[in-house]
Amino acid sequence: MIRNERLTATLEGDFVVFLIGLRINSPLKIHRWWPVMRAMPRMLDELHRHPELGFIHAEMWFSRSAVMVQYWRSMAQLLAYAKDRNAEHLPAWQAFNKSVGTNGSVGIWHETYAASSGTYENVYVNMPPFGLGKAGTLQPASGGRQSAAGRLGSGQRAQPPEAPPQ
């Protein structure tokens, strides 16, 4: 259902944003990329059945490159799932390395970001619940939440972290 209003989303506590995807480099080598594509639905089914693992929500887009954004309760839970010998991920990762490895037929990637209060912002206009708006709680982007700076909580532009001493 499209929400015809300006909204913002919050998620209580710290959380992790995990971006993961694949790129089909050799479209005719279906035997290489199709098993990789089939692995993710099995992992998502498992994660939805076991909320105690820390998975919150995911959104996915398909084309030559598939992209998924996932929300996790903590970095520790995401990393524990990745290494769990009894879960779907590790066998899928091992199968990818054995079948594809670095032959170039299909590329995979991921990026992981830790978020906490005041370090993220978002806005949704004329959208159904989506992304963090589906993982967290939607509320009107009004008052102090009308600008990105306001949604960051301080009303000022977020400052980058200081560089470590050299």
# chains A, B, ... in the order shown; residues from 1 in each chain; ligands from 1

$ select_by_dssp --residues "chain A" --states "strand (DSSP E)" --output "JSON, numbers by chain"
{"A": [3, 4, 5, 6, 7, 8, 9, 10, 15, 16, 17, 18, 19, 20, 21, 22, 23, 24, 55, 56, 57, 58, 59, 60, 61, 65, 66, 67, 68, 69, 70, 71, 72, 106, 107, 108, 109, 110, 111, 112, 113, 114, 115, 124, 125, 126, 127, 137, 138, 139, 140]}

$ write_last_selection --atoms "C-alpha atoms" --output "PDB file, in the first residue's frame"
ATOM      1  CA  ARG A   3       1.725   5.861   1.749  1.00  0.00           C
ATOM      2  CA  ASN A   4       1.030   9.307   0.258  1.00  0.00           C
ATOM      3  CA  GLU A   5       2.969  11.217   2.866  1.00  0.00           C
ATOM      4  CA  ARG A   6       6.538  12.087   3.807  1.00  0.00           C
ATOM      5  CA  LEU A   7       7.818   9.474   6.255  1.00  0.00           C
ATOM      6  CA  THR A   8      11.003   8.534   8.026  1.00  0.00           C
ATOM      7  CA  ALA A   9      11.937   5.290   9.740  1.00  0.00           C
ATOM      8  CA  THR A  10      13.712   4.422  12.956  1.00  0.00           C
ATOM      9  CA  PHE A  15      21.762  -2.503  13.871  1.00  0.00           C
ATOM     10  CA  VAL A  16      23.705  -3.630  10.806  1.00  0.00           C
ATOM     11  CA  VAL A  17      23.039  -2.901   7.147  1.00  0.00           C
ATOM     12  CA  PHE A  18      24.396  -5.670   4.953  1.00  0.00           C
ATOM     13  CA  LEU A  19      24.496  -5.163   1.176  1.00  0.00           C
ATOM     14  CA  ILE A  20      25.126  -8.257  -0.892  1.00  0.00           C
ATOM     15  CA  GLY A  21      24.892  -8.994  -4.554  1.00  0.00           C
ATOM     16  CA  LEU A  22      26.043 -10.801  -7.614  1.00  0.00           C
ATOM     17  CA  ARG A  23      26.818  -9.847 -11.184  1.00  0.00           C
ATOM     18  CA  ILE A  24      26.338 -12.246 -14.066  1.00  0.00           C
ATOM     19  CA  PHE A  55      18.024 -11.132  10.840  1.00  0.00           C
ATOM     20  CA  ILE A  56      15.392  -8.385  10.617  1.00  0.00           C
ATOM     21  CA  HIS A  57      14.438  -7.754   6.969  1.00  0.00           C
ATOM     22  CA  ALA A  58      15.660  -7.824   3.344  1.00  0.00           C
ATOM     23  CA  GLU A  59      14.836  -6.204  -0.001  1.00  0.00           C
ATOM     24  CA  MET A  60      16.143  -7.528  -3.341  1.00  0.00           C
ATOM     25  CA  TRP A  61      16.429  -6.302  -6.941  1.00  0.00           C
ATOM     26  CA  SER A  65      23.350  -7.572 -11.196  1.00  0.00           C
ATOM     27  CA  ALA A  66      21.249  -8.679  -8.252  1.00  0.00           C
ATOM     28  CA  VAL A  67      21.384  -6.532  -5.136  1.00  0.00           C
ATOM     29  CA  MET A  68      19.985  -7.252  -1.696  1.00  0.00           C
ATOM     30  CA  VAL A  69      19.950  -5.029   1.347  1.00  0.00           C
ATOM     31  CA  GLN A  70      19.559  -6.815   4.669  1.00  0.00           C
ATOM     32  CA  TYR A  71      19.038  -5.483   8.173  1.00  0.00           C
ATOM     33  CA  TRP A  72      20.508  -7.368  11.120  1.00  0.00           C
ATOM     34  CA  VAL A 106      29.794 -14.636 -11.881  1.00  0.00           C
ATOM     35  CA  GLY A 107      30.908 -11.990  -9.436  1.00  0.00           C
ATOM     36  CA  ILE A 108      29.748 -11.625  -5.848  1.00  0.00           C
ATOM     37  CA  TRP A 109      30.241  -8.801  -3.384  1.00  0.00           C
ATOM     38  CA  HIS A 110      29.104  -7.526  -0.030  1.00  0.00           C
ATOM     39  CA  GLU A 111      29.447  -4.440   2.136  1.00  0.00           C
ATOM     40  CA  THR A 112      28.637  -4.253   5.848  1.00  0.00           C
ATOM     41  CA  TYR A 113      27.804  -1.132   7.853  1.00  0.00           C
ATOM     42  CA  ALA A 114      27.113  -0.742  11.565  1.00  0.00           C
ATOM     43  CA  ALA A 115      24.469   1.874  12.424  1.00  0.00           C
ATOM     44  CA  TYR A 124      10.148   7.887   1.988  1.00  0.00           C
ATOM     45  CA  VAL A 125       7.572   9.843  -0.074  1.00  0.00           C
ATOM     46  CA  ASN A 126       4.715   8.153  -1.958  1.00  0.00           C
ATOM     47  CA  MET A 127       6.164   4.738  -1.152  1.00  0.00           C
ATOM     48  CA  THR A 137       8.982   1.918  12.495  1.00  0.00           C
ATOM     49  CA  LEU A 138       7.644   4.552  10.084  1.00  0.00           C
ATOM     50  CA  GLN A 139       6.634   7.959  11.372  1.00  0.00           C
ATOM     51  CA  PRO A 140       5.874  11.348   9.784  1.00  0.00           C
TER      52      PRO A 140
END

$ closest_atom_pairs --of "segment 53-106 of chain A" --to "segment 29-36 of chain A" --cutoff "10 Å" --atoms "only C-alpha atoms" --output "JSON lines"
{"residue": "A:Ala92", "atom": "CA", "partner": "A:Val36", "partner_atom": "CA", "distance": 7.6}
{"residue": "A:Trp93", "atom": "CA", "partner": "A:Val36", "partner_atom": "CA", "distance": 8.8}
{"residue": "A:Ala95", "atom": "CA", "partner": "A:Val36", "partner_atom": "CA", "distance": 8.6}
{"residue": "A:Phe96", "atom": "CA", "partner": "A:Val36", "partner_atom": "CA", "distance": 6.7}
{"residue": "A:Ser99", "atom": "CA", "partner": "A:Arg32", "partner_atom": "CA", "distance": 7.0}
{"residue": "A:Val100", "atom": "CA", "partner": "A:Arg32", "partner_atom": "CA", "distance": 6.4}
{"residue": "A:Asn103", "atom": "CA", "partner": "A:Arg32", "partner_atom": "CA", "distance": 9.7}
{"residue": "A:Gly104", "atom": "CA", "partner": "A:Arg32", "partner_atom": "CA", "distance": 9.8}
{"residue": "A:Ser105", "atom": "CA", "partner": "A:Arg32", "partner_atom": "CA", "distance": 6.7}
{"residue": "A:Val106", "atom": "CA", "partner": "A:Trp33", "partner_atom": "CA", "distance": 5.8}

$ write_last_selection --atoms "N, CA and C atoms" --output "compact mmCIF listing (two decimals), in the first residue's frame"
# COMPACT_ATOMS: atom_id res chain seq x y z
N ALA A 92 26.80 -22.92 0.99
CA ALA A 92 26.63 -22.17 -0.27
C ALA A 92 27.92 -21.45 -0.64
N TRP A 93 28.59 -20.86 0.34
CA TRP A 93 29.85 -20.16 0.11
C TRP A 93 30.92 -21.15 -0.37
N ALA A 95 30.37 -24.02 -1.87
CA ALA A 95 30.00 -24.47 -3.22
C ALA A 95 30.39 -23.42 -4.26
N PHE A 96 30.18 -22.14 -3.94
CA PHE A 96 30.59 -21.07 -4.85
C PHE A 96 32.09 -21.13 -5.10
N SER A 99 32.83 -24.26 -7.29
CA SER A 99 32.28 -24.24 -8.64
C SER A 99 32.72 -23.04 -9.46
N VAL A 100 32.79 -21.86 -8.84
CA VAL A 100 33.08 -20.63 -9.56
C VAL A 100 34.47 -20.10 -9.21
N ASN A 103 36.91 -17.81 -11.58
CA ASN A 103 36.89 -18.03 -13.03
C ASN A 103 36.23 -16.90 -13.81
N GLY A 104 35.62 -15.93 -13.13
CA GLY A 104 35.08 -14.76 -13.79
C GLY A 104 33.66 -14.86 -14.31
N SER A 105 33.02 -16.02 -14.21
CA SER A 105 31.68 -16.18 -14.78
C SER A 105 30.60 -15.43 -14.00
N VAL A 106 30.76 -15.36 -12.71
CA VAL A 106 29.79 -14.64 -11.88
C VAL A 106 30.57 -13.97 -10.74

$ residues_around --residues "Pro91 of chain A" --least-positions-apart "3" --cutoff "12 Å" --atoms "only C-alpha atoms" --output "list in words"
Pro35, Val36, Ala39, Met40, Arg42, Met43, Tyr81, Ala82, Lys83, Asp84, Arg85, Asn86, Ala87, Glu88, Gln94, Ala95, Phe96, Asn97, Lys98 and Ser99 of chain A

$ residues_around --residues "Gly13 of chain A" --least-positions-apart "2" --cutoff "7 Å" --atoms "only C-alpha atoms" --output "PyMOL selection string"
chain A and resi 11+15+116-117

$ residues_around --residues "Leu152 of chain A" --least-positions-apart "3" --cutoff "7 Å" --atoms "only C-alpha atoms" --output "list in words"
Gly118, Thr119, Tyr120, Glu121, Ala148, Ala149 and Gly155 of chain A

$ select_by_dssp --residues "segment 23-134 of chain A" --states "helix (DSSP H, G or I)" --output "ChimeraX atom specification"
/A:30-49,51-53,75-83,89-99,132-134

$ write_last_selection --atoms "N, CA and C atoms" --output "short mmCIF file (atom, residue, chain, number, x, y, z; two decimals), in the first residue's frame"
data_model
loop_
_atom_site.label_atom_id
_atom_site.label_comp_id
_atom_site.auth_asym_id
_atom_site.auth_seq_id
_atom_site.Cartn_x
_atom_site.Cartn_y
_atom_site.Cartn_z
N ILE A 30 24.86 -20.47 -17.48
CA ILE A 30 23.79 -20.60 -16.48
C ILE A 30 24.19 -21.58 -15.38
N HIS A 31 24.90 -22.65 -15.76
CA HIS A 31 25.31 -23.65 -14.77
C HIS A 31 26.23 -23.05 -13.70
N ARG A 32 26.84 -21.89 -13.97
CA ARG A 32 27.70 -21.23 -12.98
C ARG A 32 26.90 -20.29 -12.08
N TRP A 33 26.03 -19.43 -12.66
CA TRP A 33 25.36 -18.41 -11.86
C TRP A 33 24.03 -18.85 -11.28
N TRP A 34 23.35 -19.81 -11.89
CA TRP A 34 22.05 -20.22 -11.37
C TRP A 34 22.14 -20.82 -9.96
N PRO A 35 23.11 -21.68 -9.65
CA PRO A 35 23.23 -22.20 -8.27
C PRO A 35 23.48 -21.08 -7.26
N VAL A 36 24.22 -20.05 -7.67
CA VAL A 36 24.48 -18.93 -6.77
C VAL A 36 23.17 -18.20 -6.49
N MET A 37 22.37 -17.96 -7.54
CA MET A 37 21.06 -17.29 -7.38
C MET A 37 20.13 -18.11 -6.48
N ARG A 38 20.15 -19.43 -6.62
CA ARG A 38 19.24 -20.30 -5.87
C ARG A 38 19.60 -20.39 -4.39
N ALA A 39 20.83 -20.08 -4.04
CA ALA A 39 21.27 -20.22 -2.64
C ALA A 39 20.62 -19.19 -1.73
N MET A 40 20.42 -17.97 -2.20
CA MET A 40 19.91 -16.91 -1.33
C MET A 40 18.49 -17.19 -0.81
N PRO A 41 17.55 -17.63 -1.64
CA PRO A 41 16.21 -17.92 -1.08
C PRO A 41 16.23 -18.96 0.05
N ARG A 42 17.12 -19.96 -0.05
CA ARG A 42 17.23 -20.95 1.03
C ARG A 42 17.70 -20.29 2.32
N MET A 43 18.69 -19.39 2.20
CA MET A 43 19.18 -18.68 3.38
C MET A 43 18.10 -17.79 3.97
N LEU A 44 17.37 -17.07 3.12
CA LEU A 44 16.30 -16.20 3.62
C LEU A 44 15.21 -16.99 4.31
N ASP A 45 14.82 -18.13 3.74
CA ASP A 45 13.83 -18.98 4.39
C ASP A 45 14.30 -19.39 5.78
N GLU A 46 15.54 -19.81 5.87
CA GLU A 46 16.11 -20.21 7.15
C GLU A 46 16.09 -19.04 8.14
N LEU A 47 16.51 -17.87 7.69
CA LEU A 47 16.58 -16.70 8.57
C LEU A 47 15.19 -16.27 9.05
N HIS A 48 14.20 -16.35 8.17
CA HIS A 48 12.84 -16.00 8.59
C HIS A 48 12.29 -17.01 9.61
N ARG A 49 12.69 -18.27 9.48
CA ARG A 49 12.24 -19.29 10.44
C ARG A 49 12.91 -19.16 11.80
N PRO A 51 14.20 -16.15 13.89
CA PRO A 51 14.45 -14.74 14.20
C PRO A 51 15.51 -14.55 15.28
N GLU A 52 15.76 -15.55 16.08
CA GLU A 52 16.78 -15.44 17.13
C GLU A 52 18.19 -15.28 16.55
N LEU A 53 18.35 -15.53 15.24
CA LEU A 53 19.65 -15.37 14.59
C LEU A 53 19.99 -13.90 14.37
N MET A 75 26.27 -7.02 14.47
CA MET A 75 27.38 -7.53 13.68
C MET A 75 27.73 -8.94 14.15
N ALA A 76 27.71 -9.15 15.45
CA ALA A 76 28.04 -10.48 16.00
C ALA A 76 27.10 -11.55 15.46
N GLN A 77 25.80 -11.24 15.37
CA GLN A 77 24.84 -12.22 14.86
C GLN A 77 25.05 -12.48 13.37
N LEU A 78 25.32 -11.45 12.59
CA LEU A 78 25.58 -11.63 11.17
C LEU A 78 26.81 -12.50 10.96
N LEU A 79 27.89 -12.21 11.67
CA LEU A 79 29.12 -12.98 11.53
C LEU A 79 28.95 -14.42 12.03
N ALA A 80 28.18 -14.60 13.08
CA ALA A 80 27.93 -15.96 13.59
C ALA A 80 27.17 -16.77 12.55
N TYR A 81 26.18 -16.16 11.91
CA TYR A 81 25.43 -16.88 10.88
C TYR A 81 26.36 -17.25 9.71
N ALA A 82 27.21 -16.33 9.30
CA ALA A 82 28.11 -16.58 8.17
C ALA A 82 29.02 -17.78 8.42
N LYS A 83 29.41 -18.00 9.68
CA LYS A 83 30.35 -19.08 10.02
C LYS A 83 29.69 -20.35 10.51
N HIS A 89 24.33 -20.75 4.84
CA HIS A 89 25.32 -19.89 4.20
C HIS A 89 26.65 -20.57 3.92
N LEU A 90 27.24 -21.19 4.92
CA LEU A 90 28.59 -21.73 4.75
C LEU A 90 28.67 -22.77 3.63
N PRO A 91 27.74 -23.73 3.54
CA PRO A 91 27.80 -24.67 2.39
C PRO A 91 27.64 -23.95 1.05
N ALA A 92 26.80 -22.92 0.99
CA ALA A 92 26.63 -22.17 -0.27
C ALA A 92 27.92 -21.45 -0.64
N TRP A 93 28.59 -20.86 0.34
CA TRP A 93 29.85 -20.16 0.11
C TRP A 93 30.92 -21.15 -0.37
N GLN A 94 30.97 -22.32 0.27
CA GLN A 94 31.95 -23.34 -0.13
C GLN A 94 31.67 -23.84 -1.54
N ALA A 95 30.37 -24.02 -1.87
CA ALA A 95 30.00 -24.47 -3.22
C ALA A 95 30.39 -23.42 -4.26
N PHE A 96 30.18 -22.14 -3.94
CA PHE A 96 30.59 -21.07 -4.85
C PHE A 96 32.09 -21.13 -5.10
N ASN A 97 32.86 -21.24 -4.04
CA ASN A 97 34.32 -21.27 -4.19
C ASN A 97 34.79 -22.47 -4.99
N LYS A 98 34.12 -23.60 -4.84
CA LYS A 98 34.49 -24.81 -5.58
C LYS A 98 34.06 -24.72 -7.05
N SER A 99 32.83 -24.26 -7.29
CA SER A 99 32.28 -24.24 -8.64
C SER A 99 32.72 -23.04 -9.46
N LEU A 132 14.43 0.16 5.44
CA LEU A 132 14.40 0.38 6.89
C LEU A 132 12.99 0.70 7.35
N GLY A 133 12.18 1.28 6.45
CA GLY A 133 10.79 1.57 6.78
C GLY A 133 9.97 0.31 7.00
N LYS A 134 10.41 -0.79 6.47
CA LYS A 134 9.74 -2.08 6.69
C LYS A 134 10.38 -2.82 7.87
#

$ decode --residues "segment 6-131 of chain A" --atoms "C-alpha atoms" --output "mmCIF file, in the first residue's frame"
data_model
loop_
_atom_site.group_PDB
_atom_site.id
_atom_site.type_symbol
_atom_site.label_atom_id
_atom_site.label_comp_id
_atom_site.auth_asym_id
_atom_site.auth_seq_id
_atom_site.Cartn_x
_atom_site.Cartn_y
_atom_site.Cartn_z
ATOM 1 C CA ARG A 6 6.538 12.087 3.807
ATOM 2 C CA LEU A 7 7.818 9.474 6.255
ATOM 3 C CA THR A 8 11.003 8.534 8.026
ATOM 4 C CA ALA A 9 11.937 5.290 9.740
ATOM 5 C CA THR A 10 13.712 4.422 12.956
ATOM 6 C CA LEU A 11 14.979 1.150 14.306
ATOM 7 C CA GLU A 12 15.519 0.956 18.030
ATOM 8 C CA GLY A 13 19.069 0.251 19.131
ATOM 9 C CA ASP A 14 22.130 -0.497 17.063
ATOM 10 C CA PHE A 15 21.762 -2.503 13.871
ATOM 11 C CA VAL A 16 23.705 -3.630 10.806
ATOM 12 C CA VAL A 17 23.039 -2.901 7.147
ATOM 13 C CA PHE A 18 24.396 -5.670 4.953
ATOM 14 C CA LEU A 19 24.496 -5.163 1.176
ATOM 15 C CA ILE A 20 25.126 -8.257 -0.892
ATOM 16 C CA GLY A 21 24.892 -8.994 -4.554
ATOM 17 C CA LEU A 22 26.043 -10.801 -7.614
ATOM 18 C CA ARG A 23 26.818 -9.847 -11.184
ATOM 19 C CA ILE A 24 26.338 -12.246 -14.066
ATOM 20 C CA ASN A 25 29.481 -11.798 -16.151
ATOM 21 C CA SER A 26 28.845 -14.723 -18.517
ATOM 22 C CA PRO A 27 25.074 -14.921 -19.111
ATOM 23 C CA LEU A 28 25.341 -18.124 -21.157
ATOM 24 C CA LYS A 29 27.063 -19.980 -18.304
ATOM 25 C CA ILE A 30 23.791 -20.602 -16.476
ATOM 26 C CA HIS A 31 25.312 -23.648 -14.770
ATOM 27 C CA ARG A 32 27.697 -21.229 -12.979
ATOM 28 C CA TRP A 33 25.363 -18.410 -11.855
ATOM 29 C CA TRP A 34 22.046 -20.225 -11.372
ATOM 30 C CA PRO A 35 23.226 -22.198 -8.273
ATOM 31 C CA VAL A 36 24.478 -18.928 -6.769
ATOM 32 C CA MET A 37 21.065 -17.294 -7.377
ATOM 33 C CA ARG A 38 19.243 -20.296 -5.867
ATOM 34 C CA ALA A 39 21.273 -20.223 -2.644
ATOM 35 C CA MET A 40 19.908 -16.913 -1.326
ATOM 36 C CA PRO A 41 16.213 -17.925 -1.082
ATOM 37 C CA ARG A 42 17.228 -20.949 1.030
ATOM 38 C CA MET A 43 19.185 -18.680 3.382
ATOM 39 C CA LEU A 44 16.304 -16.199 3.621
ATOM 40 C CA ASP A 45 13.826 -18.985 4.388
ATOM 41 C CA GLU A 46 16.109 -20.212 7.153
ATOM 42 C CA LEU A 47 16.577 -16.698 8.569
ATOM 43 C CA HIS A 48 12.836 -16.002 8.589
ATOM 44 C CA ARG A 49 12.237 -19.293 10.437
ATOM 45 C CA HIS A 50 14.837 -18.382 13.092
ATOM 46 C CA PRO A 51 14.453 -14.738 14.198
ATOM 47 C CA GLU A 52 16.781 -15.438 17.134
ATOM 48 C CA LEU A 53 19.653 -15.368 14.592
ATOM 49 C CA GLY A 54 19.258 -11.582 14.412
ATOM 50 C CA PHE A 55 18.024 -11.132 10.840
ATOM 51 C CA ILE A 56 15.392 -8.385 10.617
ATOM 52 C CA HIS A 57 14.438 -7.754 6.969
ATOM 53 C CA ALA A 58 15.660 -7.824 3.344
ATOM 54 C CA GLU A 59 14.836 -6.204 -0.001
ATOM 55 C CA MET A 60 16.143 -7.528 -3.341
ATOM 56 C CA TRP A 61 16.429 -6.302 -6.941
ATOM 57 C CA PHE A 62 17.235 -8.371 -10.046
ATOM 58 C CA SER A 63 18.847 -7.597 -13.388
ATOM 59 C CA ARG A 64 22.293 -8.536 -14.699
ATOM 60 C CA SER A 65 23.350 -7.572 -11.196
ATOM 61 C CA ALA A 66 21.249 -8.679 -8.252
ATOM 62 C CA VAL A 67 21.384 -6.532 -5.136
ATOM 63 C CA MET A 68 19.985 -7.252 -1.696
ATOM 64 C CA VAL A 69 19.950 -5.029 1.347
ATOM 65 C CA GLN A 70 19.559 -6.815 4.669
ATOM 66 C CA TYR A 71 19.038 -5.483 8.173
ATOM 67 C CA TRP A 72 20.508 -7.368 11.120
ATOM 68 C CA ARG A 73 20.265 -6.784 14.856
ATOM 69 C CA SER A 74 24.049 -6.986 15.381
ATOM 70 C CA MET A 75 27.385 -7.531 13.683
ATOM 71 C CA ALA A 76 28.043 -10.478 15.997
ATOM 72 C CA GLN A 77 24.843 -12.224 14.863
ATOM 73 C CA LEU A 78 25.580 -11.626 11.167
ATOM 74 C CA LEU A 79 29.120 -12.984 11.529
ATOM 75 C CA ALA A 80 27.933 -15.957 13.590
ATOM 76 C CA TYR A 81 25.434 -16.876 10.879
ATOM 77 C CA ALA A 82 28.111 -16.583 8.171
ATOM 78 C CA LYS A 83 30.355 -19.077 10.019
ATOM 79 C CA ASP A 84 27.666 -21.480 11.286
ATOM 80 C CA ARG A 85 28.450 -24.936 9.891
ATOM 81 C CA ASN A 86 24.830 -26.004 10.420
ATOM 82 C CA ALA A 87 23.290 -23.057 8.536
ATOM 83 C CA GLU A 88 22.669 -22.579 4.809
ATOM 84 C CA HIS A 89 25.318 -19.892 4.203
ATOM 85 C CA LEU A 90 28.591 -21.732 4.755
ATOM 86 C CA PRO A 91 27.802 -24.667 2.392
ATOM 87 C CA ALA A 92 26.626 -22.170 -0.265
ATOM 88 C CA TRP A 93 29.848 -20.161 0.105
ATOM 89 C CA GLN A 94 31.949 -23.336 -0.128
ATOM 90 C CA ALA A 95 29.997 -24.467 -3.219
ATOM 91 C CA PHE A 96 30.588 -21.066 -4.855
ATOM 92 C CA ASN A 97 34.320 -21.267 -4.187
ATOM 93 C CA LYS A 98 34.491 -24.811 -5.576
ATOM 94 C CA SER A 99 32.283 -24.239 -8.640
ATOM 95 C CA VAL A 100 33.082 -20.628 -9.558
ATOM 96 C CA GLY A 101 36.008 -19.429 -7.483
ATOM 97 C CA THR A 102 37.807 -16.782 -9.520
ATOM 98 C CA ASN A 103 36.889 -18.032 -13.032
ATOM 99 C CA GLY A 104 35.077 -14.757 -13.793
ATOM 100 C CA SER A 105 31.682 -16.180 -14.780
ATOM 101 C CA VAL A 106 29.794 -14.636 -11.881
ATOM 102 C CA GLY A 107 30.908 -11.990 -9.436
ATOM 103 C CA ILE A 108 29.748 -11.625 -5.848
ATOM 104 C CA TRP A 109 30.241 -8.801 -3.384
ATOM 105 C CA HIS A 110 29.104 -7.526 -0.030
ATOM 106 C CA GLU A 111 29.447 -4.440 2.136
ATOM 107 C CA THR A 112 28.637 -4.253 5.848
ATOM 108 C CA TYR A 113 27.804 -1.132 7.853
ATOM 109 C CA ALA A 114 27.113 -0.742 11.565
ATOM 110 C CA ALA A 115 24.469 1.874 12.424
ATOM 111 C CA SER A 116 23.373 3.427 15.676
ATOM 112 C CA SER A 117 21.104 6.252 16.719
ATOM 113 C CA GLY A 118 22.120 9.519 15.085
ATOM 114 C CA THR A 119 24.277 7.872 12.396
ATOM 115 C CA TYR A 120 21.624 7.173 9.757
ATOM 116 C CA GLU A 121 18.726 8.956 8.128
ATOM 117 C CA ASN A 122 16.114 8.168 5.505
ATOM 118 C CA VAL A 123 12.991 9.544 3.879
ATOM 119 C CA TYR A 124 10.148 7.887 1.988
ATOM 120 C CA VAL A 125 7.572 9.843 -0.074
ATOM 121 C CA ASN A 126 4.715 8.153 -1.958
ATOM 122 C CA MET A 127 6.164 4.738 -1.152
ATOM 123 C CA PRO A 128 4.884 1.533 0.373
ATOM 124 C CA PRO A 129 6.809 0.468 3.491
ATOM 125 C CA PHE A 130 10.282 -0.296 2.169
ATOM 126 C CA GLY A 131 13.824 -0.982 3.399
#
